[in-house]
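Trainee: Submitted below is the structure of interest, expressed as structure tokens.
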Amino acid sequence: MPSTTDPKSSPKKKDVPIRPDQGANDGAPKGRASKSNVGSQDVDGDVVDKEADPIRDGRETVWILGDQLNRHHGALKDRKPGDCRVLLVQSDAKISSKRWHRQRLHLVLSAMEHFAAELRVDGFEVDLRRAPTLRAGLAAHVDEFEVEQVVAMEPMSWSGRAMLTSAGVSLIANDQFTCDYEAFAGWAEGRKSLKLEDFYRWQRTRLDILMDNNDGDIQPAGGRWNFDHDNREPPPKDGRSWPAITEFELDDIDRAVLARMEAFAADAANSAELWGDGPRGRWPVTRSQALTRLDEFVAAGLAPFGAHEDAMLADEWKLAHSVLASSMNLGLLHPLEVVEAVEAAFRGGDAPINSVEGFIRQVIGWREYVWGLYWLWMPDYRHENQLDATRPVPPAFTGEATTEMACVSGVIDHVRENGFAHHIERLMVLGNLALTTGVNPWAMTEWMWASFVDGAEWVMLPNVIGMALHADGGAMATKPYASGGAYINKMSNYCNGCRFDPKKRTGDNACPFTTLYWDFLARNEDAFSGNHRMARQLAGMRRLKDLPEVRERAQTVLAALDAGEL
Ligand SMILES: Cc1cc2nc3c(=O)[nH]c(=O)nc-3n(C[C@H](O)[C@H](O)[C@H](O)COP(=O)(O)OP(=O)(O)OC[C@H]3O[C@@H](n4cnc5c(N)ncnc54)[C@H](O)[C@@H]3O)c2cc1C
Ligand code: SF4
């Protein structure tokens, strides 16, 4: 078992500088490699002369990937201007690889450019280059500057890590999470099931988050680990307003990035395609903007966050959600500083325990859990499709067709306008429809990855393949998140204005979710028959007297959905 599995060697709160003014940070990064054991190979795999000091000679490069934009973590953590050159590569192949939402692509490119500009102001020599591929960008940089040694923090993706390793880049451990994936593997070792609740309690205890210590008696704050039952309220009917967020004015860098993106996509020589509304400053592109967003959430969003966490409203795209995921996923914020700010609000009496616990559960629980599962189960996990789902992503999702399903139409409006839908809209509307219609898991992953501002493979795969589509046979979620229209009717105001009736399963105005839910159970009866958590649902399905009519209606619904005519 690796030494990092020892909770005592896990990251502690004090290891993470909170809002440091300068990047100065002593101590080499912990983990699989450090500066002292890198540099034995150059990017072509040749052995480098150990007598040379590439740092002093200015021939060492620190490569910063687009989701590692933090001066105080990773490969820049203990670097000063003059130590090394900094490389950032924007890959044309990556831009052409998906049909990106405009705000998603803009966020990543603009955040990279802002980070490069900030480093230059700090005195670093920065090579921000565009290249046909990441590898080509690296090679061109190495040639141009006669680089002897390239160091990077471990990439967030399996393929990225393989590519950098094969290119001879020296990797230091990824410290953008509170739980290193080797520590997670140690926690998982020997367990019969990998329950989020167990992992979350382990995290709370070892990180000392939201724990009370009364003379050595250490207990969860508020006397319970879990306040979920307080956090499932339907949407309030009082017409209240929800916390506002700053929209950051687009600057010259933002505008230049947008113009370049549009020109690139318009050039027929590139296979790039964009969709969705353009950026209007909703997504932080710098650390300072991300800190503003965090402050705003703690001040106004945190208190109402918990109770209505699962509620959906047609004309409210975020309710009290933090909209911090993109900032954490790009590295602009560290998850530990986020939960510490939230805990401080609780200790100061500014937010109730159900909201604080619910939020902290999302960040040091769910977020780190899916990060650990990704590394535990890759690369095979990417290919999971245990329900043999083959349908393409419906045209109603991609914007190629409109739909009369008010919930789907409303959620897609949110995605088009903001590159964002909150968790329950992702899971119980988009995911639920994809699950019950049988959309191919990888196709769904790719679409969501390109459509959400916070998309990334490590977080998409467990959430889409495991949680939403049950394509891993229940390895992550013991029971599929399938539901009929009743759940959406209870937790949203979408059904009020819909031409379909959530209570009906047959007939022209039957809710497609309700029809498809029963059809999904019937279609997968064999697959779920051994799952005791599905026994009640299967028994209900078997009791339906009109099951043949339901299944016939399901065929009509599926055909209409495929044709973009529902
Ligand atoms: C089908 C599906 C796809 C998803 N795709 C993504 C994705 O591409 N990127 C992404 O960051 N999250 C993804 N999530 C998780 C979650 O929906 C988003 O993190 C959240 O909606 C982002 O909004 P927020 O920042 O306002 O989060 P909040 O509701 O304010 O929650 C706080 C934070 O908790 C973390 N979090 C909560 N739930 C999860 C989870 N299940 N997995 C990982 N982190 C979680 C996020 O960092 C989030 O910022 C997905 C969930 C589902 C069901
Ligand atoms: S009736 Fe069905 S399709 Fe219409 S909004 Fe409600 S759940 Fe969605």
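To be explicit about the labels: the chains of the structure tokens are called A, B, and onward in the order shown, and within each one the residues are counted from 1, while ligands get numbers from 1 in the order they are shown.
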Enumerate as a PyMOL selection string the residues within 6 Å of ligand 2, counting only C-alpha atoms and all ligand atoms.
Mentor: chain A and resi 405-407+485+488-489+494-495+498+500-502+511-513
Trainee: Write a file of the selected residues as a tab-separated table (two decimals), in the first residue's frame, keeping C-alpha atoms.
Mentor:
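This went into out.tsv:
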```tsv
chain	number	residue	atom	x	y	z
A	405	MET	CA	-41.27	18.59	-23.39
A	406	ALA	CA	-41.17	21.68	-21.19
A	407	CYS	CA	-38.55	20.30	-18.80
A	485	GLY	CA	-42.72	12.57	-14.73
A	488	ILE	CA	-39.95	16.24	-12.16
A	489	ASN	CA	-43.48	17.44	-11.34
A	494	TYR	CA	-41.78	22.68	-15.54
A	495	CYS	CA	-44.91	20.52	-15.77
A	498	CYS	CA	-46.23	21.47	-20.49
A	500	PHE	CA	-47.90	16.52	-21.56
A	501	ASP	CA	-49.43	15.16	-18.37
A	502	PRO	CA	-46.90	13.71	-15.88
A	511	CYS	CA	-45.61	12.38	-20.33
A	512	PRO	CA	-42.71	10.83	-22.27
A	513	PHE	CA	-40.76	10.39	-19.01
```
Trainee: Go through the chains and note each residue within 8 Å of ligand 1, using only C-alpha atoms and all ligand atoms, then give the set as an NGL selection string.
Mentor: :A and (305 or 309 or 318 or 320-326 or 328-329 or 335 or 359-364 or 366-371 or 420-428 or 430-431 or 445 or 448-449 or 452-457 or 459-460 or 462-464 or 467-468)
Trainee: Go ahead and save the picked residues with C-alpha atoms, as a compact mmCIF listing (two decimals), in the first residue's frame.
Mentor:
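This went into again-v9.txt:
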```txt
# COMPACT_ATOMS: atom_id res chain seq x y z
CA PHE A 305 -28.18 26.42 -0.89
CA GLU A 309 -30.51 21.99 -3.73
CA LYS A 318 -28.78 28.29 -10.96
CA ALA A 320 -28.59 29.04 -4.94
CA HIS A 321 -25.98 26.74 -6.49
CA SER A 322 -22.42 27.98 -6.17
CA VAL A 323 -21.50 27.84 -9.87
CA LEU A 324 -17.93 27.24 -8.68
CA ALA A 325 -17.23 23.94 -10.46
CA SER A 326 -15.56 25.49 -13.51
CA MET A 328 -12.19 24.48 -9.27
CA ASN A 329 -11.85 22.32 -12.38
CA PRO A 335 -11.31 22.74 -3.18
CA PHE A 359 -22.16 21.74 0.24
CA ILE A 360 -19.07 20.28 1.89
CA ARG A 361 -20.39 16.80 1.07
CA GLN A 362 -20.46 17.80 -2.63
CA VAL A 363 -16.90 19.09 -2.64
CA ILE A 364 -14.79 16.82 -0.41
CA TRP A 366 -18.69 13.62 -4.34
CA ARG A 367 -16.08 15.61 -6.24
CA GLU A 368 -13.12 13.77 -4.76
CA TYR A 369 -14.94 10.44 -4.90
CA VAL A 370 -15.46 10.66 -8.67
CA TRP A 371 -11.84 11.79 -9.10
CA PHE A 420 -24.58 25.11 -17.53
CA ALA A 421 -27.43 23.17 -15.95
CA HIS A 422 -27.42 22.39 -12.26
CA HIS A 423 -26.98 18.91 -10.84
CA ILE A 424 -30.60 17.76 -10.74
CA GLU A 425 -31.29 19.10 -14.22
CA ARG A 426 -28.27 17.11 -15.45
CA LEU A 427 -29.24 13.96 -13.59
CA MET A 428 -33.03 13.84 -13.51
CA LEU A 430 -31.02 15.07 -19.30
CA GLY A 431 -29.53 11.96 -17.70
CA THR A 445 -20.38 11.81 -22.18
CA MET A 448 -22.01 16.86 -21.98
CA TRP A 449 -18.24 17.29 -21.86
CA PHE A 452 -20.87 22.32 -19.88
CA VAL A 453 -18.38 24.97 -18.82
CA ASP A 454 -17.13 22.66 -16.07
CA GLY A 455 -16.79 19.54 -18.26
CA ALA A 456 -13.77 17.26 -17.95
CA GLU A 457 -13.30 13.56 -18.59
CA VAL A 459 -15.71 14.11 -13.67
CA MET A 460 -17.90 13.29 -16.67
CA PRO A 462 -18.31 8.57 -13.33
CA ASN A 463 -21.20 11.05 -13.40
CA VAL A 464 -22.49 10.08 -16.84
CA MET A 467 -24.42 7.81 -11.97
CA ALA A 468 -26.72 8.93 -14.79
```
Trainee: Do a neighbour search on Gly540 (chain A) at 12 Å with only C-alpha atoms, toss out local chain neighbours closer than 6 positions, and write the hits as a list in words.
Mentor: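 Selected residues are Tyr517, Trp518, Leu521, Ala522, Glu525, Met534, Asp546 and Leu547 of chain A.
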Trainee: Nearest to Phe346 (chain A) among A:Gly222, A:Gly497, A:Pro441, A:Gly216, with distances taken over only C-alpha atoms: which residue is it?
Mentor: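 Nearest to Phe346 (chain A): A:Gly222.
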Trainee: Could you find all residues in region 307-397 of chain A that DSSP calls strand (DSSP E or B) from the backbone, and write them as a PDB file with N, CA and C atoms, in the first residue's frame?
Mentor:
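Output contents, as saved in part18.pdb:
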```pdb
ATOM      1  N   MET A 312     -35.915  22.600  -9.207  1.00  0.00           N
ATOM      2  CA  MET A 312     -35.669  23.133 -10.557  1.00  0.00           C
ATOM      3  C   MET A 312     -36.737  24.172 -10.874  1.00  0.00           C
ATOM      4  N   LEU A 313     -36.319  25.275 -11.457  1.00  0.00           N
ATOM      5  CA  LEU A 313     -37.254  26.323 -11.864  1.00  0.00           C
ATOM      6  C   LEU A 313     -36.952  26.734 -13.303  1.00  0.00           C
ATOM      7  N   GLU A 316     -35.081  30.062 -13.674  1.00  0.00           N
ATOM      8  CA  GLU A 316     -33.923  30.270 -12.790  1.00  0.00           C
ATOM      9  C   GLU A 316     -32.857  29.231 -13.117  1.00  0.00           C
ATOM     10  N   ARG A 391     -28.491   4.331 -28.756  1.00  0.00           N
ATOM     11  CA  ARG A 391     -29.169   5.462 -29.388  1.00  0.00           C
ATOM     12  C   ARG A 391     -28.237   6.695 -29.430  1.00  0.00           C
TER      13      ARG A 391
END
```
Trainee: At a cut-off of 6 Å, using only C-alpha atoms, what residues contact Ala389 (chain A)? Leave out same-chain residues fewer than 2 positions from it and give the result as a JSON list (two decimals) with N, CA and C atoms, in the first residue's frame.
Mentor:
```
[["chain", "number", "residue", "atom", "x", "y", "z"],
["A", 387, "LEU", "N", -25.83, -1.80, -20.32],
["A", 387, "LEU", "CA", -27.23, -1.92, -20.73],
["A", 387, "LEU", "C", -27.34, -1.91, -22.26],
["A", 438, "GLY", "N", -32.07, 4.95, -23.69],
["A", 438, "GLY", "CA", -30.95, 4.11, -24.11],
["A", 438, "GLY", "C", -29.94, 4.82, -24.98],
["A", 439, "VAL", "N", -29.55, 6.06, -24.59],
["A", 439, "VAL", "CA", -28.51, 6.77, -25.34],
["A", 439, "VAL", "C", -27.15, 6.14, -25.02],
["A", 440, "ASN", "N", -26.34, 6.03, -26.03],
["A", 440, "ASN", "CA", -25.01, 5.45, -25.85],
["A", 440, "ASN", "C", -24.20, 6.25, -24.83]]
```
Trainee: Given the choices A:Ala221, A:Ala256, A:Leu461, A:Ile64, which gets closest to Gly372 (chain A) if the distance is worked out from only C-alpha atoms?
Mentor: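 Ranked by minimum distance to Gly372 (chain A), first place goes to A:Leu461.
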Trainee: Might you pull out every residue within 12 Å of Ser241 (chain A), with only C-alpha atoms counted and same-chain residues fewer than 2 positions away left off, and present them as a list in words?
Mentor: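 Near Ser241 (chain A), the qualifying residues are Pro236, Lys237, Asp238, Gly239, Pro243, Ala244, Ala300, Gly301, Pro304, Leu313, Asp315, Glu316, Trp317, Lys318, Leu319 and Ala320 of chain A.
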Trainee: Give me a file of those residues, with C-alpha atoms, as an mmCIF file, in the first residue's frame.
Mentor:
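The result, stored in again-v3.cif:
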```cif
data_model
loop_
_atom_site.group_PDB
_atom_site.id
_atom_site.type_symbol
_atom_site.label_atom_id
_atom_site.label_comp_id
_atom_site.auth_asym_id
_atom_site.auth_seq_id
_atom_site.Cartn_x
_atom_site.Cartn_y
_atom_site.Cartn_z
ATOM 1 C CA PRO A 236 -40.552 27.539 -3.086
ATOM 2 C CA LYS A 237 -43.739 29.090 -4.412
ATOM 3 C CA ASP A 238 -43.114 32.539 -2.941
ATOM 4 C CA GLY A 239 -41.534 33.949 -6.114
ATOM 5 C CA PRO A 243 -28.611 35.277 -5.148
ATOM 6 C CA ALA A 244 -27.123 37.457 -7.858
ATOM 7 C CA ALA A 300 -25.466 35.111 -0.255
ATOM 8 C CA GLY A 301 -25.762 31.652 -1.824
ATOM 9 C CA PRO A 304 -30.295 29.068 0.943
ATOM 10 C CA LEU A 313 -37.254 26.323 -11.864
ATOM 11 C CA ASP A 315 -36.784 30.760 -15.259
ATOM 12 C CA GLU A 316 -33.923 30.270 -12.790
ATOM 13 C CA TRP A 317 -30.782 28.704 -14.192
ATOM 14 C CA LYS A 318 -28.781 28.291 -10.964
ATOM 15 C CA LEU A 319 -31.022 28.991 -7.913
ATOM 16 C CA ALA A 320 -28.592 29.039 -4.941
#
```
Trainee: Go ahead and compute the interatomic distance for CA of Asp254 (chain A) and CA of Glu118 (chain A), in Å to one decimal.
Mentor: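 That distance, rounded to one decimal, is 14.2 Å.
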Trainee: Report, in Å to a single decimal, how far apart CA of Ser157 (chain A) and CA of Leu109 (chain A) are.
Mentor: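 Between these atoms lies a distance of 18.0 Å.
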Trainee: Looking at only C-alpha atoms, which of A:Asp78, A:Glu565, A:Asp230, A:Glu247 is the one that sits closest to Glu296 (chain A)?
Mentor: A:Glu247
Trainee: With only C-alpha atoms as the counted atoms, please give the residues lying no more than 7 Å from Ala75 (chain A), apart from itself and same-chain residues fewer than 4 positions off, as a PyMOL selection string.
Mentor: chain A and resi 62+151-153+172
Trainee: CA of Phe520 (chain A) and CA of Pro548 (chain A), how far apart in Å?
Mentor: 13.0 Å
Trainee: For Thr402 (chain A), list every protein, DNA or RNA residue within 8 Å, evaluated using only C-alpha atoms, and leave out those in the same chain fewer than 6 positions away; present the list as an NGL selection string.
Mentor: :A and (395-396 or 409 or 564-565)
Trainee: Write a file of the selected residues as a PDB file, in the first residue's frame, keeping C-alpha atoms.
Mentor:
```
ATOM      1  CA  PRO A 395     -31.539  16.289 -31.525  1.00  0.00           C
ATOM      2  CA  ALA A 396     -33.564  18.057 -28.807  1.00  0.00           C
ATOM      3  CA  SER A 409     -36.698  22.472 -23.461  1.00  0.00           C
ATOM      4  CA  GLY A 564     -36.637  15.597 -33.411  1.00  0.00           C
ATOM      5  CA  GLU A 565     -40.437  15.697 -33.520  1.00  0.00           C
TER       6      GLU A 565
END
```
